[in-house]
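In what follows, a structure is listed as structure tokens, so that the remarks can point back to it.
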Amino acid sequence: MAVELKALPPREAIRFWAAKVPMPAQEFYTLAAEQRVNAFAVSGIAKLDQLLAVHDSLGRAMHEGASFQSWKKSLPDLWKSKGWVGPNAYRVSNIFHTNIQTAYNVGRYRQMMAVASERPIWTYIGVNDRRQSQICRRLNGRSYPYDHEFWKTYYPPNHFRCRSTVSSQGVAQAERAGVKVLEEIPADVVQPENGFDTNPGQTHYQPDLSKYPALFKQQFLEGMNKFYSPDTLPGVTRGQFGELLKKTLRQADLQDMQTLVWAEEQGGVGGYRNWVNQVLSRQAATGEVYPAGNLPLRVLGKLQQQPRLALVVVDDQALLHMVRDLKKSALTAAEIASIPEKFAGADWYRDKEDPALLLTWLRSGENWIKVVIRLDQKIGKGIANRIVSAGVVKAHNLEVGGRYGKL
């Protein structure tokens, strides 16, 4: 009986790609180089729907093992609208080959790290042809221990459309093959292109999320949680996924992921308006907490210290207080229900005395609505930013006295 062999999808590469956070290029380039490994942007594409289309199409190409020509045909109208045809078609090739090869090498890194104790000798493998770059030509064939400083800078890819990879060997195997294991980095190596001088595998699988903007960290954790499920990778149990996550994330990050799972189970921000109507209908607080929005990146970027997450929540007691305020500064039900819609375009202030953030927008005339948000508050077993009060204030109250600083 003939045995049919089928290629398996590169699971580690797909896992890496699923956790990448699509974002506009202008936001992408505000991130540090090592943080960009876990983000996805395409210069020249600002519309999120187009960016998501490219990201999703690359994910499918990895899963299906599609060729460049096949993938290229999946978005012909987008390439034409950007002018990336004819002499400029190299832009499309850069997108495909650089991202596919990065994902492959990140997955390869995870696989080699899993057996590093048995195969600790890593060798840089270039493609020795006329198209090989000077960067990779100088690195080709160099061998170092897996934990050598060399790999922090020169683990591929090292430039756009880099085709290099890394192989691993056991000590005895390397000795039999006459492999020279280096300890020093020679002076004649060529530096990677700008933006490629990090180890994408190490950055992705050992991320220090405390250095990330809170919204980016949150989106990264949401992407990881979405992928780490039996629905995405059949045959792997939730328990096995949990063990993988424990090896990847710090305890605090795992706790934050559970907070985000809770928020999604509540119905997410999309169910906020219905929840408000339910609370106002029963006119009684039962201790419920509900997600109400996310702090925008433009606000987070102006904070000296990032909160754990961008997630903002409100409890039913605070909500009822907003409509029962005795100082005639109560909000209407419609105004409370519209809070999530105000996050992106509202004016934001930092309270220097409380400390807290103020979400404000004009009600009418001199009257402004002020929503007070305290950062990193305990909610159940997790931490999130909590709306503690809201009311109507005069415009001059936001500007005089120096208490509030506009962000």
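Each chain in the structure tokens gets a letter, A, B and so on, in the order shown; residues start at 1 in every chain, and ligands are counted from 1 in the order they appear.
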Between segment 146-254 of chain A and segment 28-36 of chain A, at 7 Å or less, what are the per-residue closest atom pairs and their distances in Å? Count only C-alpha atoms, order by chain and rising residue number, and return it as CSV.
```
residue,atom,partner,partner_atom,distance
A:Gly195,CA,A:Ala33,CA,5.9
A:Thr198,CA,A:Glu34,CA,6.3
A:Thr203,CA,A:Glu34,CA,6.2
```
With C-alpha atoms retained, write the just-selected residues as a PDB file, in the first residue's frame.
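Dumped everything to again08.pdb:
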```
ATOM      1  CA  GLY A 195      15.366  47.478  11.894  1.00  0.00           C
ATOM      2  CA  THR A 198      17.357  41.967  16.772  1.00  0.00           C
ATOM      3  CA  THR A 203      11.821  38.818  21.243  1.00  0.00           C
TER       4      THR A 203
END
```
Residue list (strand (DSSP E), DSSP) for segment 202-385 of chain A, as a VMD selection string: chain A and resid 289 to 294 311 to 315 347 to 351 356 to 364 367 to 379 382 to 385
Can you write out the residues you just picked, keeping N, CA and C atoms, as a short mmCIF file (atom, residue, chain, number, x, y, z; two decimals), in the first residue's frame?
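This went into out-v5.cif:
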```cif
data_model
loop_
_atom_site.label_atom_id
_atom_site.label_comp_id
_atom_site.auth_asym_id
_atom_site.auth_seq_id
_atom_site.Cartn_x
_atom_site.Cartn_y
_atom_site.Cartn_z
N VAL A 289 -19.41 44.13 37.12
CA VAL A 289 -18.41 44.97 36.48
C VAL A 289 -18.43 44.66 34.99
N TYR A 290 -18.29 45.70 34.16
CA TYR A 290 -18.41 45.47 32.72
C TYR A 290 -17.36 46.29 31.96
N PRO A 291 -16.80 45.75 30.85
CA PRO A 291 -15.84 46.52 30.04
C PRO A 291 -16.52 47.68 29.33
N ALA A 292 -15.86 48.85 29.39
CA ALA A 292 -16.47 50.06 28.83
C ALA A 292 -15.61 50.71 27.75
N GLY A 293 -14.45 50.17 27.44
CA GLY A 293 -13.61 50.78 26.40
C GLY A 293 -12.15 50.51 26.63
N ASN A 294 -11.32 51.12 25.79
CA ASN A 294 -9.87 50.98 25.90
C ASN A 294 -9.23 52.36 25.80
N LEU A 311 -7.58 48.38 28.98
CA LEU A 311 -8.98 48.09 29.28
C LEU A 311 -9.53 49.01 30.37
N VAL A 312 -10.72 49.57 30.12
CA VAL A 312 -11.44 50.39 31.10
C VAL A 312 -12.75 49.70 31.42
N VAL A 313 -13.08 49.62 32.72
CA VAL A 313 -14.31 48.96 33.16
C VAL A 313 -15.10 49.92 34.04
N VAL A 314 -16.35 49.55 34.29
CA VAL A 314 -17.20 50.31 35.22
C VAL A 314 -18.08 49.32 35.96
N ASP A 315 -18.38 49.59 37.22
CA ASP A 315 -19.28 48.71 37.96
C ASP A 315 -20.67 49.32 38.04
N ASP A 347 -11.54 64.88 24.65
CA ASP A 347 -10.38 65.52 25.27
C ASP A 347 -10.04 64.77 26.55
N TRP A 348 -8.73 64.60 26.78
CA TRP A 348 -8.28 63.85 27.94
C TRP A 348 -7.40 64.74 28.82
N TYR A 349 -7.54 64.58 30.12
CA TYR A 349 -6.74 65.32 31.09
C TYR A 349 -6.15 64.34 32.10
N ARG A 350 -5.04 64.76 32.68
CA ARG A 350 -4.45 64.02 33.79
C ARG A 350 -4.69 64.79 35.08
N ASP A 351 -5.28 64.15 36.05
CA ASP A 351 -5.50 64.76 37.36
C ASP A 351 -4.21 64.62 38.17
N ALA A 356 -5.59 60.43 38.47
CA ALA A 356 -6.57 59.76 37.61
C ALA A 356 -6.53 60.41 36.24
N LEU A 357 -7.22 59.80 35.29
CA LEU A 357 -7.42 60.39 33.97
C LEU A 357 -8.86 60.88 33.86
N LEU A 358 -9.03 61.98 33.14
CA LEU A 358 -10.38 62.51 32.89
C LEU A 358 -10.69 62.39 31.40
N LEU A 359 -11.81 61.77 31.11
CA LEU A 359 -12.36 61.71 29.76
C LEU A 359 -13.43 62.78 29.69
N THR A 360 -13.28 63.76 28.80
CA THR A 360 -14.22 64.88 28.77
C THR A 360 -14.73 65.14 27.35
N TRP A 361 -15.97 65.59 27.29
CA TRP A 361 -16.50 66.07 26.01
C TRP A 361 -17.60 67.10 26.28
N LEU A 362 -17.81 67.96 25.30
CA LEU A 362 -18.76 69.06 25.44
C LEU A 362 -20.19 68.56 25.44
N ARG A 363 -20.95 69.01 26.45
CA ARG A 363 -22.38 68.70 26.48
C ARG A 363 -23.16 69.80 25.77
N SER A 364 -23.01 71.04 26.24
CA SER A 364 -23.62 72.20 25.60
C SER A 364 -23.13 73.46 26.29
N ASN A 367 -20.97 73.70 29.55
CA ASN A 367 -21.07 72.46 30.31
C ASN A 367 -20.34 71.30 29.62
N TRP A 368 -19.47 70.66 30.37
CA TRP A 368 -18.71 69.52 29.88
C TRP A 368 -18.99 68.29 30.73
N ILE A 369 -19.00 67.15 30.09
CA ILE A 369 -19.11 65.89 30.83
C ILE A 369 -17.70 65.42 31.19
N LYS A 370 -17.54 65.03 32.45
CA LYS A 370 -16.24 64.59 32.95
C LYS A 370 -16.39 63.18 33.51
N VAL A 371 -15.61 62.25 32.96
CA VAL A 371 -15.60 60.87 33.43
C VAL A 371 -14.23 60.61 34.07
N VAL A 372 -14.23 60.19 35.33
CA VAL A 372 -12.99 59.99 36.08
C VAL A 372 -12.60 58.52 36.03
N ILE A 373 -11.37 58.26 35.59
CA ILE A 373 -10.87 56.89 35.44
C ILE A 373 -9.60 56.72 36.27
N ARG A 374 -9.61 55.80 37.21
CA ARG A 374 -8.40 55.49 37.99
C ARG A 374 -7.72 54.27 37.36
N LEU A 375 -6.40 54.33 37.29
CA LEU A 375 -5.63 53.30 36.62
C LEU A 375 -5.28 52.15 37.55
N ASP A 376 -5.15 50.96 36.96
CA ASP A 376 -4.67 49.76 37.65
C ASP A 376 -5.42 49.49 38.95
N GLN A 377 -6.72 49.34 38.81
CA GLN A 377 -7.57 49.01 39.95
C GLN A 377 -7.89 47.51 39.98
N LYS A 378 -8.06 47.00 41.16
CA LYS A 378 -8.37 45.57 41.33
C LYS A 378 -9.79 45.30 40.87
N ILE A 379 -9.96 44.32 39.99
CA ILE A 379 -11.30 43.85 39.60
C ILE A 379 -11.28 42.32 39.65
N GLY A 382 -8.16 40.22 38.66
CA GLY A 382 -7.32 40.93 37.71
C GLY A 382 -7.16 42.40 38.03
N ILE A 383 -6.52 43.11 37.09
CA ILE A 383 -6.25 44.54 37.21
C ILE A 383 -6.73 45.21 35.93
N ALA A 384 -7.47 46.31 36.08
CA ALA A 384 -7.90 47.09 34.92
C ALA A 384 -8.10 48.53 35.37
N ASN A 385 -8.41 49.40 34.45
CA ASN A 385 -8.67 50.80 34.75
C ASN A 385 -10.17 50.98 34.96
#
```
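Minimum atom-to-atom distances from A:Leu303, A:Arg142, A:Gln255, A:Ala318 to Thr286 of chain A were compared using only C-alpha atoms, and the lowest value belongs to A:Ala318.
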Who sits within 12 Å of Ala53 of chain A, only C-alpha atoms, same chain under 2 positions skipped, as a list in words: Pro22, Phe40, Ala41, Val42, Ile45, Lys47, Leu48, Asp49, Gln50, Leu51, His55, Asp56, Ser57, Leu58, Gly59, Arg60, Trp71, Ser74, Leu75, Pro76, Asp77, Leu78 and Trp79 of chain A
Give me a file of those residues, with C-alpha atoms, as a short mmCIF file (atom, residue, chain, number, x, y, z; two decimals), in the first residue's frame.
```cif
data_model
loop_
_atom_site.label_atom_id
_atom_site.label_comp_id
_atom_site.auth_asym_id
_atom_site.auth_seq_id
_atom_site.Cartn_x
_atom_site.Cartn_y
_atom_site.Cartn_z
CA PRO A 22 -1.67 44.99 12.77
CA PHE A 40 2.60 44.26 11.59
CA ALA A 41 2.54 47.30 9.35
CA VAL A 42 3.00 48.04 5.67
CA ILE A 45 -1.16 51.21 3.71
CA LYS A 47 -6.49 51.88 6.08
CA LEU A 48 -7.02 49.22 8.73
CA ASP A 49 -9.27 47.07 6.55
CA GLN A 50 -6.56 46.86 3.87
CA LEU A 51 -3.89 46.14 6.47
CA HIS A 55 -2.17 40.24 7.39
CA ASP A 56 -4.90 37.61 7.02
CA SER A 57 -3.78 36.65 3.51
CA LEU A 58 -0.22 36.07 4.72
CA GLY A 59 -1.52 33.90 7.55
CA ARG A 60 -3.46 31.78 5.07
CA TRP A 71 -0.49 34.78 -2.76
CA SER A 74 -5.19 37.08 -3.84
CA LEU A 75 -5.11 40.90 -3.59
CA PRO A 76 -4.67 42.25 -7.15
CA ASP A 77 -6.94 45.29 -6.68
CA LEU A 78 -5.01 46.42 -3.60
CA TRP A 79 -1.64 46.23 -5.37
#
```
Ala310 of chain A surroundings by only C-alpha atoms, 7 Å radius, close-in-sequence under 2 positions cut, as a list in words: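 Non-adjacent residues within range: Ala214, Leu215, Gln218, Asn294, Leu295, Pro307 and Val312 of chain A.
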Residues near Leu182 of chain A, cut-off 9 Å, only C-alpha atoms, skip fewer than 5 positions along chain, as an MDAnalysis selection string: chainID A and resid 142:145
Residues just named, written with N, CA and C atoms as a compact mmCIF listing (two decimals), in the first residue's frame:
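As a result, result-v3.txt now contains:
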```
# COMPACT_ATOMS: atom_id res chain seq x y z
N ARG A 142 29.00 30.53 9.75
CA ARG A 142 29.54 30.81 11.08
C ARG A 142 28.73 30.06 12.13
N SER A 143 29.42 29.42 13.06
CA SER A 143 28.78 28.63 14.11
C SER A 143 29.10 29.19 15.49
N TYR A 144 28.07 29.25 16.33
CA TYR A 144 28.22 29.73 17.70
C TYR A 144 27.33 28.90 18.62
N PRO A 145 27.64 28.86 19.92
CA PRO A 145 26.70 28.24 20.86
C PRO A 145 25.36 28.96 20.80
```
All residues 8 Å or closer to Val279 of chain A, only C-alpha atoms, same chain fewer than 6 positions away omitted, as an MDAnalysis selection string: chainID A and resid 285 316 320
Proximity to Gln304 of chain A - best of A:Glu265, A:Pro213, A:Gly65, A:Leu249, only C-alpha atoms: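 Ranked by minimum distance to Gln304 of chain A, first place goes to A:Pro213.
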Can you check which residues of segment 53-235 of chain A DSSP gives as helix (DSSP H, G or I) on the backbone and send them as a compact mmCIF listing (two decimals) with N, CA and C atoms, in the first residue's frame?
```txt
# COMPACT_ATOMS: atom_id res chain seq x y z
N ALA A 53 -6.47 42.81 5.65
CA ALA A 53 -6.57 41.91 4.50
C ALA A 53 -5.20 41.32 4.16
N VAL A 54 -4.16 42.16 4.19
CA VAL A 54 -2.80 41.67 3.91
C VAL A 54 -2.35 40.71 4.99
N HIS A 55 -2.57 41.09 6.26
CA HIS A 55 -2.17 40.24 7.39
C HIS A 55 -2.85 38.88 7.31
N ASP A 56 -4.16 38.87 7.08
CA ASP A 56 -4.90 37.61 7.02
C ASP A 56 -4.45 36.76 5.84
N SER A 57 -4.19 37.41 4.70
CA SER A 57 -3.78 36.65 3.51
C SER A 57 -2.42 35.99 3.72
N LEU A 58 -1.52 36.67 4.43
CA LEU A 58 -0.22 36.07 4.72
C LEU A 58 -0.36 34.90 5.68
N GLY A 59 -1.26 35.01 6.64
CA GLY A 59 -1.52 33.90 7.55
C GLY A 59 -2.04 32.68 6.81
N ARG A 60 -2.94 32.90 5.87
CA ARG A 60 -3.46 31.78 5.07
C ARG A 60 -2.36 31.17 4.21
N ALA A 61 -1.50 32.02 3.67
CA ALA A 61 -0.41 31.52 2.82
C ALA A 61 0.52 30.62 3.62
N MET A 62 0.80 30.98 4.87
CA MET A 62 1.65 30.14 5.72
C MET A 62 0.97 28.81 6.00
N HIS A 63 -0.30 28.85 6.29
CA HIS A 63 -1.03 27.63 6.63
C HIS A 63 -1.14 26.70 5.43
N GLU A 64 -1.32 27.27 4.26
CA GLU A 64 -1.53 26.47 3.06
C GLU A 64 -0.23 26.19 2.30
N PHE A 68 4.60 32.56 -3.64
CA PHE A 68 4.48 34.01 -3.78
C PHE A 68 3.50 34.37 -4.89
N GLN A 69 3.62 33.72 -6.04
CA GLN A 69 2.75 34.05 -7.16
C GLN A 69 1.29 33.79 -6.82
N SER A 70 1.03 32.70 -6.11
CA SER A 70 -0.34 32.38 -5.72
C SER A 70 -0.87 33.43 -4.74
N TRP A 71 -0.06 33.79 -3.74
CA TRP A 71 -0.49 34.78 -2.76
C TRP A 71 -0.70 36.15 -3.42
N LYS A 72 0.18 36.51 -4.31
CA LYS A 72 0.11 37.81 -4.98
C LYS A 72 -1.23 38.00 -5.69
N PRO A 76 -5.12 41.47 -5.98
CA PRO A 76 -4.67 42.25 -7.15
C PRO A 76 -5.15 43.70 -7.13
N ASP A 77 -6.39 43.92 -6.68
CA ASP A 77 -6.94 45.29 -6.68
C ASP A 77 -6.19 46.19 -5.71
N LEU A 78 -5.76 45.62 -4.58
CA LEU A 78 -5.01 46.42 -3.60
C LEU A 78 -3.66 46.84 -4.17
N TRP A 79 -2.95 45.90 -4.81
CA TRP A 79 -1.64 46.23 -5.37
C TRP A 79 -1.78 47.29 -6.46
N LYS A 80 -2.83 47.17 -7.26
CA LYS A 80 -3.03 48.13 -8.35
C LYS A 80 -3.36 49.51 -7.79
N SER A 81 -4.18 49.57 -6.73
CA SER A 81 -4.57 50.86 -6.16
C SER A 81 -3.38 51.58 -5.54
N LYS A 82 -2.39 50.83 -5.10
CA LYS A 82 -1.20 51.42 -4.50
C LYS A 82 -0.10 51.71 -5.53
N GLY A 86 4.23 46.53 -12.07
CA GLY A 86 5.30 46.91 -12.99
C GLY A 86 6.61 47.11 -12.26
N PRO A 87 7.28 48.27 -12.46
CA PRO A 87 8.58 48.51 -11.81
C PRO A 87 8.50 48.54 -10.28
N ASN A 88 7.32 48.81 -9.75
CA ASN A 88 7.15 48.90 -8.30
C ASN A 88 6.64 47.60 -7.67
N TYR A 90 8.21 45.18 -6.74
CA TYR A 90 9.13 44.69 -5.71
C TYR A 90 8.56 44.92 -4.31
N ARG A 91 7.67 45.95 -4.16
CA ARG A 91 7.08 46.23 -2.85
C ARG A 91 6.26 45.03 -2.37
N VAL A 92 5.52 44.42 -3.30
CA VAL A 92 4.70 43.26 -2.96
C VAL A 92 5.59 42.08 -2.61
N SER A 93 6.66 41.92 -3.38
CA SER A 93 7.60 40.83 -3.10
C SER A 93 8.25 41.00 -1.73
N ASN A 94 8.60 42.24 -1.37
CA ASN A 94 9.17 42.50 -0.05
C ASN A 94 8.22 42.10 1.07
N ILE A 95 6.94 42.46 0.89
CA ILE A 95 5.94 42.14 1.92
C ILE A 95 5.87 40.64 2.14
N PHE A 96 5.79 39.89 1.06
CA PHE A 96 5.63 38.44 1.18
C PHE A 96 6.88 37.77 1.73
N HIS A 97 8.00 37.96 1.04
CA HIS A 97 9.19 37.20 1.40
C HIS A 97 9.75 37.57 2.77
N THR A 98 9.75 38.85 3.10
CA THR A 98 10.29 39.26 4.39
C THR A 98 9.44 38.73 5.53
N ASN A 99 8.12 38.84 5.41
CA ASN A 99 7.26 38.39 6.50
C ASN A 99 7.18 36.88 6.62
N ILE A 100 7.13 36.19 5.49
CA ILE A 100 7.10 34.73 5.53
C ILE A 100 8.39 34.19 6.13
N GLN A 101 9.53 34.74 5.71
CA GLN A 101 10.81 34.25 6.20
C GLN A 101 11.00 34.59 7.68
N THR A 102 10.51 35.75 8.10
CA THR A 102 10.60 36.10 9.53
C THR A 102 9.79 35.11 10.36
N ALA A 103 8.57 34.83 9.92
CA ALA A 103 7.73 33.88 10.66
C ALA A 103 8.37 32.50 10.70
N TYR A 104 8.94 32.08 9.58
CA TYR A 104 9.60 30.77 9.54
C TYR A 104 10.76 30.73 10.54
N ASN A 105 11.58 31.76 10.55
CA ASN A 105 12.75 31.77 11.43
C ASN A 105 12.36 31.90 12.90
N VAL A 106 11.28 32.59 13.19
CA VAL A 106 10.79 32.66 14.57
C VAL A 106 10.33 31.27 15.02
N GLY A 107 9.59 30.59 14.15
CA GLY A 107 9.18 29.23 14.47
C GLY A 107 10.36 28.29 14.61
N ARG A 108 11.35 28.47 13.76
CA ARG A 108 12.57 27.66 13.82
C ARG A 108 13.30 27.90 15.15
N TYR A 109 13.32 29.14 15.59
CA TYR A 109 13.97 29.47 16.86
C TYR A 109 13.31 28.71 18.01
N ARG A 110 11.99 28.69 18.04
CA ARG A 110 11.27 27.99 19.11
C ARG A 110 11.60 26.50 19.08
N GLN A 111 11.63 25.92 17.90
CA GLN A 111 11.93 24.49 17.78
C GLN A 111 13.35 24.18 18.24
N MET A 112 14.31 25.02 17.87
CA MET A 112 15.70 24.77 18.24
C MET A 112 15.92 25.01 19.73
N MET A 113 15.23 25.98 20.31
CA MET A 113 15.37 26.22 21.74
C MET A 113 14.84 25.04 22.55
N ALA A 114 13.83 24.36 22.01
CA ALA A 114 13.23 23.22 22.72
C ALA A 114 14.23 22.06 22.86
N GLN A 134 25.73 40.87 0.86
CA GLN A 134 27.03 40.88 1.52
C GLN A 134 26.88 40.59 3.01
N ILE A 135 25.76 41.00 3.59
CA ILE A 135 25.52 40.72 5.01
C ILE A 135 25.54 39.22 5.25
N CYS A 136 24.75 38.49 4.48
CA CYS A 136 24.63 37.04 4.68
C CYS A 136 25.85 36.28 4.16
N ARG A 137 26.53 36.84 3.15
CA ARG A 137 27.72 36.18 2.63
C ARG A 137 28.80 36.11 3.72
N ARG A 138 28.91 37.19 4.51
CA ARG A 138 29.91 37.22 5.58
C ARG A 138 29.50 36.36 6.77
N LEU A 139 28.21 36.16 6.95
CA LEU A 139 27.72 35.38 8.09
C LEU A 139 27.59 33.89 7.77
N PHE A 150 26.08 36.58 19.74
CA PHE A 150 25.97 36.72 18.29
C PHE A 150 24.53 36.65 17.83
N TRP A 151 23.77 35.72 18.40
CA TRP A 151 22.41 35.48 17.91
C TRP A 151 21.44 36.58 18.29
N LYS A 152 21.77 37.41 19.26
CA LYS A 152 20.88 38.52 19.63
C LYS A 152 20.82 39.57 18.53
N THR A 153 21.90 39.66 17.75
CA THR A 153 21.97 40.66 16.68
C THR A 153 21.81 40.06 15.29
N TYR A 154 22.38 38.89 15.06
CA TYR A 154 22.49 38.37 13.69
C TYR A 154 21.56 37.21 13.37
N VAL A 171 26.99 18.49 19.95
CA VAL A 171 28.43 18.72 20.05
C VAL A 171 29.22 17.66 19.30
N ALA A 172 28.89 16.40 19.51
CA ALA A 172 29.62 15.32 18.84
C ALA A 172 29.43 15.39 17.33
N GLN A 173 28.22 15.68 16.89
CA GLN A 173 27.94 15.79 15.46
C GLN A 173 28.77 16.92 14.85
N ALA A 174 28.86 18.05 15.54
CA ALA A 174 29.64 19.18 15.03
C ALA A 174 31.11 18.84 14.96
N GLU A 175 31.60 18.10 15.96
CA GLU A 175 33.03 17.72 15.96
C GLU A 175 33.34 16.79 14.80
N ARG A 176 32.44 15.82 14.55
CA ARG A 176 32.67 14.89 13.43
C ARG A 176 32.68 15.63 12.09
N PRO A 200 14.28 38.06 16.27
CA PRO A 200 12.82 38.05 16.33
C PRO A 200 12.27 36.86 17.11
N GLY A 201 12.97 35.74 17.08
CA GLY A 201 12.51 34.57 17.83
C GLY A 201 12.55 34.81 19.32
N GLN A 202 13.67 35.32 19.80
CA GLN A 202 13.81 35.58 21.23
C GLN A 202 12.85 36.66 21.68
N THR A 203 12.70 37.71 20.88
CA THR A 203 11.82 38.82 21.24
C THR A 203 10.37 38.36 21.32
N HIS A 204 9.98 37.47 20.42
CA HIS A 204 8.58 37.02 20.42
C HIS A 204 8.30 36.04 21.54
N TYR A 205 9.17 35.09 21.75
CA TYR A 205 8.89 34.02 22.71
C TYR A 205 9.35 34.33 24.13
N LEU A 209 6.72 42.39 28.17
CA LEU A 209 5.55 43.19 27.82
C LEU A 209 5.40 44.42 28.69
N SER A 210 6.16 44.49 29.80
CA SER A 210 6.09 45.69 30.64
C SER A 210 6.65 46.91 29.90
N LYS A 211 7.42 46.70 28.85
CA LYS A 211 8.00 47.81 28.09
C LYS A 211 7.12 48.23 26.92
N ALA A 214 0.43 50.01 26.66
CA ALA A 214 -0.59 49.12 27.23
C ALA A 214 -1.55 48.58 26.18
N LEU A 215 -1.95 49.41 25.22
CA LEU A 215 -2.89 48.95 24.20
C LEU A 215 -2.24 47.90 23.31
N PHE A 216 -0.97 48.10 22.96
CA PHE A 216 -0.26 47.12 22.13
C PHE A 216 -0.11 45.81 22.90
N LYS A 217 0.28 45.89 24.17
CA LYS A 217 0.41 44.69 24.99
C LYS A 217 -0.92 43.95 25.04
N GLN A 218 -2.01 44.68 25.21
CA GLN A 218 -3.32 44.06 25.29
C GLN A 218 -3.68 43.35 24.00
N GLN A 219 -3.44 44.00 22.87
CA GLN A 219 -3.75 43.38 21.57
C GLN A 219 -2.89 42.15 21.33
N PHE A 220 -1.64 42.20 21.78
CA PHE A 220 -0.74 41.05 21.65
C PHE A 220 -1.27 39.87 22.46
N LEU A 221 -1.68 40.11 23.70
CA LEU A 221 -2.22 39.05 24.55
C LEU A 221 -3.52 38.49 23.97
N GLU A 222 -4.35 39.36 23.42
CA GLU A 222 -5.60 38.90 22.80
C GLU A 222 -5.31 38.01 21.60
N GLY A 223 -4.28 38.38 20.82
CA GLY A 223 -3.91 37.56 19.67
C GLY A 223 -3.39 36.20 20.09
N MET A 224 -2.57 36.18 21.14
CA MET A 224 -2.04 34.91 21.62
C MET A 224 -3.16 34.02 22.14
N ASN A 225 -4.09 34.59 22.87
CA ASN A 225 -5.19 33.81 23.42
C ASN A 225 -6.08 33.25 22.32
N LYS A 226 -6.26 34.05 21.28
CA LYS A 226 -7.10 33.59 20.16
C LYS A 226 -6.48 32.38 19.48
N PHE A 227 -5.14 32.41 19.35
CA PHE A 227 -4.48 31.31 18.66
C PHE A 227 -4.33 30.08 19.54
```
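For the choices A:His159, A:His148, A:Arg11, A:Arg386, the atom-to-atom distance to Gln132 of chain A is smallest for A:His159 when using only C-alpha atoms.
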Computed interatomic separation between atom CA of Ser164 of chain A and atom CA of Val127 of chain A (Å):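 Going from atom CA of Ser164 of chain A over to atom CA of Val127 of chain A covers 6.3 Å.
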Residues within 12 Å of Asn274 of chain A, only C-alpha atoms, excluding chain neighbours under 5 positions, as an MDAnalysis selection string: chainID A and resid 266:269 279:281 290:292 333:334 336:338
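When only C-alpha atoms are used to compute distances to Gln258 of chain A, the closest of the residues A:Ile339, A:Lys381, A:Gln306, A:Phe16 turns out to be A:Lys381.
Counting from atom CA of Phe343 of chain A, the distance to atom CA of Pro296 of chain A is 6.8 Å.
With distances restricted to only C-alpha atoms, A:Gly405 is the closest residue to Glu353 of chain A from A:Gly405, A:Ala177, A:Gly365, A:Gln317.
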Å distance separating atom CA of Glu12 of chain A from atom CA of Gly141 of chain A, one decimal place: 24.6 Å
Residue nearest Gly242 of chain A - candidates A:Leu309, A:Met23, A:Ala395, A:Leu254, atoms counted: only C-alpha atoms: A:Leu254
